[in-house]
Structures are given as C-alpha cells and as structure tokens.
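Taking it in order: structure first as structure tokens, then the write-up.
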Amino acid sequence: MGWLDLKNETDENNKDTDIDHGDKAPVSHHSLFELLTDSSNMERSHGTSTMAVFFGALIILSSGCCSSASALKLKAVNFTYYLHDDFVLPDVSAVKVTGPNLTLGSPATFGEITVFDSVLKETISNDSAQIGHSSGQVTALKESVEKFITFVQDITILGYSGTISCSARFNFSAPNWEVGVNSGTGSFRGASGYLTASVAVPDPAGYILKYEANLILPQQ
C-alpha cells in the first residue's frame with residue numbers, strides 16, 4: 001500500500017466517521033433552555049396564584065369587618081331635667097372641701113374645691129319627681145368665673161336608666177355652657193354628645209340648674 005492509498009483510506013475513514021455522527025441525534029441546548037424556562041414560569045405562576053388567594057382572603061375579611069362596623073346604628077336622644085342644690089342644713093348637697101393657698105399669692109378663689117351630691121328632678125319645681133343624682137366636684141380656676149367640673153349623673157327616665165360621665169371647663173357667669181359626655185353605663189352605655197347647662201334659679205339658698213341632654217347612643 002502506497003502513501004496515496006493510505007491517504008485515500010484515511011479520507012474514507014473520516015467520511016465514515018462524519019456519516020456516523022450525522023446519524024446520531026444532537027443534544028438540543030435550545031430544548032434544555034425551554035425546559036428551564038418553563039419550570040421557572042411554573043414556579044412564578046404558583047407563587048402568583050398563592051398571592052392571589054392570600055389577597056383575596058384578606059379582601060373578604062376586610063369587607064366583613066367594614067360591614068360589621070358600618071352595621072352599627074346610632075340614635076339621638078334628647079331630654080331636659082333639672083339639678084336642685086341645697087346649701088342650707090340639714091339637707092346640704094354641696095360643701096367646700098378646700099380653699100385657695102393664699103400663702104402662694106394665688107387669686108382669692110383659685111384652687112377652691114366644692115364637692116356636690118345633688119338631686120336631679122324632672123322639672124324646675126321642688127315638688128317634681130326625682131329622677132336621680134349628680135355627684136362630682138367643681139374646682140375654681142385663676143379667673144374667678146372660670147371653673148373646672150367633673151361629675152357622674154345617675155338618671156332614670158322613661159325608657160332609660162344608667163349613668164353618664166361628664167367634664168368641662170366653663171364660665172359660670174355665661175348664659176349657658178356645654179359639658180362634654182365622656183361615657184355611660186346601663187341604657188347610656190357607649191354614650192357621647194354633650195349637655196347644655198344654665199342657671200334656672202340663682203337662689204343663694206340653693207341653685208337650680210337646667211340641663212338639656214344631647215346624646216348619641218348605639219341602638220341596642
């Protein structure tokens with residue numbers, strides 16, 4: 001066998017080798033990429049579905065809470081009554097328990113505290129029916145006409161029975177003043193609103209105050 005024959009044989013072998021490679025299925029890198037991409041898409045789709053379910057449940061719960069809150073119904077309640085004080089023995093209903101500290105150079109009445117446990121009645125008349133009590137204290141402020149008051153009124157009227165708690169800073173010389181209603185018990189549980197107060201009878205033996213209640217109550 002000569003050199004030429006050897007070369008030709010080598011070429012033939014190479015051709016055979018090429019043909020054999022051509023018969024084998026090549027590895028598809030593109031298909032592998034698509035497989036990985038599809039897997040990633042599936043993971044993202046699963047994550048998106050999970051988040052969608054979570055937010056859907058959250059919206060349902062939130063709408064339920066809002067519905068419960070919006071379902072709360074309120075009603076306005078208005079009525080008038082009178083506080084009767086007595087400054088004469090033996091039925092005294094208000095007493096001064098402390099005076100101003102004059103050693104500090106305070107105004108004549110600043111710091112003076114009066115405690116009261118007064119009777120509430122239906123009308124201005126002393127003979128009218130009693131509907132409860134008003135118990136609390138009044139503190140004199142720097143200006144003699146300015147007062148701070150805090151009290152609880154126990155009231156029983158037609159359709160209602162309970163207490164209301166109130167407080168205010170007011171000018172006792174004004175024609176009338178407002179007192180904020182902070183809370184309530186019994187039929188007045190959850191109460192808000194205000195009382196309008198005025199002096200109905202400025203008797204030195206015992207004041208009579210007129211109260212007009214303007215309450216907001218939850219319907220029970």
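Ordering of the structure tokens sets the chain letters (A, B, ...); residue numbers start at 1 within each chain; ligands are numbered from 1 in the order shown.
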field: Non-local contacts of region 170-177 of chain A (12 Å; only C-alpha atoms; under 4 positions in same chain excluded) as JSON, numbers by chain
entry: {"A": [138, 139, 140, 141, 142, 143, 144, 145, 146, 147, 148, 149, 150, 194, 195, 196, 197, 198, 199, 200, 202, 209, 210, 211, 212]}
task: Could you give me the residues within region 75-194 of chain A that DSSP places in strand (DSSP E), as a PyMOL selection string?
output: chain A and resi 75-84+94-98+113-121+130-140+146-157+160-171+177-184+192-194
Which residues, written as a tab-separated table (two decimals) with all heavy atoms, in the first residue's frame, have at least one atom at most 12 Å from Asn214 (chain A), with only C-alpha atoms counted and residues fewer than 2 positions away on the same chain left out?
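Saved to out.tsv:
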```
chain	number	residue	atom	x	y	z
A	75	LYS	N	-78.42	56.46	67.47
A	75	LYS	CA	-79.65	57.24	67.59
A	75	LYS	C	-79.39	58.45	68.48
A	75	LYS	O	-78.56	58.41	69.40
A	75	LYS	CB	-80.77	56.38	68.16
A	75	LYS	CG	-80.50	55.83	69.55
A	75	LYS	CD	-81.66	54.98	70.06
A	75	LYS	CE	-81.37	54.37	71.44
A	75	LYS	NZ	-82.50	53.55	71.93
A	76	ALA	N	-80.10	59.52	68.20
A	76	ALA	CA	-80.02	60.74	69.01
A	76	ALA	C	-81.09	60.70	70.09
A	76	ALA	O	-82.24	60.33	69.83
A	76	ALA	CB	-80.19	61.96	68.13
A	77	VAL	N	-80.68	61.05	71.31
A	77	VAL	CA	-81.61	61.08	72.45
A	77	VAL	C	-81.50	62.45	73.09
A	77	VAL	O	-80.40	62.90	73.45
A	77	VAL	CB	-81.28	59.97	73.47
A	77	VAL	CG1	-82.19	60.07	74.69
A	77	VAL	CG2	-81.39	58.60	72.83
A	78	ASN	N	-82.63	63.12	73.25
A	78	ASN	CA	-82.67	64.46	73.83
A	78	ASN	C	-83.72	64.52	74.93
A	78	ASN	O	-84.84	64.04	74.74
A	78	ASN	CB	-82.99	65.51	72.76
A	78	ASN	CG	-82.07	65.42	71.55
A	78	ASN	OD1	-82.44	64.79	70.55
A	78	ASN	ND2	-80.92	66.01	71.63
A	79	PHE	N	-83.34	65.10	76.06
A	79	PHE	CA	-84.31	65.30	77.14
A	79	PHE	C	-83.80	66.40	78.05
A	79	PHE	O	-82.62	66.76	78.04
A	79	PHE	CB	-84.56	64.00	77.92
A	79	PHE	CG	-83.32	63.34	78.48
A	79	PHE	CD1	-82.88	63.62	79.77
A	79	PHE	CD2	-82.60	62.44	77.72
A	79	PHE	CE1	-81.75	63.02	80.29
A	79	PHE	CE2	-81.47	61.82	78.23
A	79	PHE	CZ	-81.04	62.11	79.52
A	80	THR	N	-84.71	66.96	78.84
A	80	THR	CA	-84.41	68.08	79.73
A	80	THR	C	-84.72	67.69	81.17
A	80	THR	O	-85.70	66.98	81.44
A	80	THR	CB	-85.25	69.32	79.34
A	80	THR	OG1	-84.95	69.68	77.99
A	80	THR	CG2	-84.94	70.50	80.25
A	81	TYR	N	-83.88	68.13	82.09
A	81	TYR	CA	-84.09	67.85	83.51
A	81	TYR	C	-83.40	68.94	84.32
A	81	TYR	O	-82.73	69.83	83.76
A	81	TYR	CB	-83.56	66.46	83.87
A	81	TYR	CG	-82.09	66.23	83.53
A	81	TYR	CD1	-81.11	66.28	84.52
A	81	TYR	CD2	-81.69	65.97	82.23
A	81	TYR	CE1	-79.78	66.07	84.23
A	81	TYR	CE2	-80.36	65.77	81.92
A	81	TYR	CZ	-79.41	65.82	82.90
A	81	TYR	OH	-78.09	65.62	82.60
A	164	ILE	N	-74.21	58.76	83.19
A	164	ILE	CA	-73.38	59.44	82.19
A	164	ILE	C	-72.26	60.16	82.91
A	164	ILE	O	-72.47	60.74	83.98
A	164	ILE	CB	-74.20	60.42	81.32
A	164	ILE	CG1	-74.97	61.42	82.18
A	164	ILE	CG2	-75.13	59.68	80.39
A	164	ILE	CD1	-75.70	62.48	81.37
A	178	GLU	N	-71.53	74.38	77.78
A	178	GLU	CA	-71.62	72.97	77.37
A	178	GLU	C	-70.68	72.10	78.19
A	178	GLU	O	-69.58	72.52	78.55
A	178	GLU	CB	-71.30	72.82	75.88
A	178	GLU	CG	-72.33	73.44	74.97
A	178	GLU	CD	-72.03	73.19	73.50
A	178	GLU	OE1	-70.99	72.57	73.18
A	178	GLU	OE2	-72.84	73.63	72.65
A	179	VAL	N	-71.15	70.90	78.46
A	179	VAL	CA	-70.37	69.91	79.20
A	179	VAL	C	-70.28	68.65	78.33
A	179	VAL	O	-71.31	68.13	77.89
A	179	VAL	CB	-71.03	69.58	80.56
A	179	VAL	CG1	-70.19	68.55	81.32
A	179	VAL	CG2	-71.24	70.84	81.38
A	180	GLY	N	-69.07	68.18	78.08
A	180	GLY	CA	-68.90	67.00	77.24
A	180	GLY	C	-69.27	65.71	77.96
A	180	GLY	O	-68.97	65.54	79.14
A	181	VAL	N	-69.96	64.82	77.24
A	181	VAL	CA	-70.30	63.49	77.77
A	181	VAL	C	-69.20	62.52	77.33
A	181	VAL	O	-68.97	62.32	76.13
A	181	VAL	CB	-71.67	63.02	77.25
A	181	VAL	CG1	-71.95	61.59	77.71
A	181	VAL	CG2	-72.77	63.97	77.73
A	188	PHE	N	-77.26	54.00	78.88
A	188	PHE	CA	-76.41	55.03	78.28
A	188	PHE	C	-75.02	54.49	77.93
A	188	PHE	O	-74.10	55.28	77.69
A	188	PHE	CB	-76.28	56.23	79.22
A	188	PHE	CG	-77.60	56.84	79.62
A	188	PHE	CD1	-78.06	56.75	80.93
A	188	PHE	CD2	-78.39	57.47	78.67
A	188	PHE	CE1	-79.28	57.31	81.29
A	188	PHE	CE2	-79.62	58.03	79.03
A	188	PHE	CZ	-80.07	57.95	80.34
A	191	ALA	N	-72.34	56.10	75.36
A	191	ALA	CA	-72.87	57.44	75.10
A	191	ALA	C	-71.78	58.43	74.72
A	191	ALA	O	-70.65	58.36	75.21
A	191	ALA	CB	-73.63	57.96	76.32
A	192	SER	N	-72.13	59.35	73.85
A	192	SER	CA	-71.30	60.52	73.54
A	192	SER	C	-72.26	61.69	73.36
A	192	SER	O	-73.47	61.54	73.43
A	192	SER	CB	-70.48	60.30	72.27
A	192	SER	OG	-71.34	60.07	71.16
A	193	GLY	N	-71.68	62.89	73.15
A	193	GLY	CA	-72.53	64.07	72.99
A	193	GLY	C	-72.18	65.14	74.01
A	193	GLY	O	-71.03	65.24	74.45
A	194	TYR	N	-73.19	65.90	74.40
A	194	TYR	CA	-72.92	67.00	75.34
A	194	TYR	C	-74.20	67.38	76.08
A	194	TYR	O	-75.33	67.06	75.66
A	194	TYR	CB	-72.37	68.21	74.60
A	194	TYR	CG	-73.34	68.83	73.60
A	194	TYR	CD1	-74.13	69.92	73.95
A	194	TYR	CD2	-73.48	68.30	72.32
A	194	TYR	CE1	-75.02	70.48	73.06
A	194	TYR	CE2	-74.36	68.85	71.41
A	194	TYR	CZ	-75.14	69.94	71.79
A	194	TYR	OH	-76.03	70.49	70.89
A	195	LEU	N	-74.01	68.07	77.20
A	195	LEU	CA	-75.11	68.66	77.95
A	195	LEU	C	-74.99	70.18	77.85
A	195	LEU	O	-73.88	70.72	77.90
A	195	LEU	CB	-75.06	68.26	79.43
A	195	LEU	CG	-74.94	66.77	79.78
A	195	LEU	CD1	-74.86	66.61	81.30
A	195	LEU	CD2	-76.08	65.97	79.20
A	196	THR	N	-76.10	70.84	77.68
A	196	THR	CA	-76.14	72.30	77.76
A	196	THR	C	-76.69	72.67	79.12
A	196	THR	O	-77.80	72.26	79.48
A	196	THR	CB	-77.01	72.91	76.65
A	196	THR	OG1	-76.47	72.55	75.38
A	196	THR	CG2	-77.02	74.43	76.76
A	197	ALA	N	-75.92	73.44	79.90
A	197	ALA	CA	-76.32	73.79	81.26
A	197	ALA	C	-76.54	75.29	81.37
A	197	ALA	O	-75.89	76.10	80.69
A	197	ALA	CB	-75.25	73.35	82.25
A	211	TYR	N	-80.54	71.34	82.70
A	211	TYR	CA	-79.70	70.55	81.80
A	211	TYR	C	-80.52	70.09	80.59
A	211	TYR	O	-81.63	69.57	80.74
A	211	TYR	CB	-79.15	69.30	82.51
A	211	TYR	CG	-77.93	69.56	83.37
A	211	TYR	CD1	-78.02	69.57	84.75
A	211	TYR	CD2	-76.68	69.78	82.77
A	211	TYR	CE1	-76.89	69.80	85.54
A	211	TYR	CE2	-75.55	70.01	83.56
A	211	TYR	CZ	-75.67	70.02	84.93
A	211	TYR	OH	-74.56	70.25	85.71
A	212	GLU	N	-79.94	70.29	79.43
A	212	GLU	CA	-80.52	69.76	78.19
A	212	GLU	C	-79.53	68.74	77.63
A	212	GLU	O	-78.42	69.10	77.23
A	212	GLU	CB	-80.76	70.88	77.18
A	212	GLU	CG	-81.79	71.90	77.64
A	212	GLU	CD	-81.91	73.07	76.67
A	212	GLU	OE1	-81.12	74.04	76.82
A	212	GLU	OE2	-82.76	73.01	75.76
A	216	ILE	N	-75.77	60.84	71.83
A	216	ILE	CA	-75.73	59.89	70.73
A	216	ILE	C	-75.49	58.50	71.34
A	216	ILE	O	-74.48	58.29	72.02
A	216	ILE	CB	-74.62	60.21	69.71
A	216	ILE	CG1	-74.82	61.63	69.16
A	216	ILE	CG2	-74.60	59.19	68.60
A	216	ILE	CD1	-76.09	61.79	68.36
A	217	LEU	N	-76.41	57.59	71.10
A	217	LEU	CA	-76.33	56.27	71.70
A	217	LEU	C	-76.37	55.19	70.61
A	217	LEU	O	-77.06	55.35	69.60
A	217	LEU	CB	-77.51	56.02	72.65
A	217	LEU	CG	-77.68	56.97	73.85
A	217	LEU	CD1	-78.95	56.62	74.62
A	217	LEU	CD2	-76.48	56.89	74.77
```
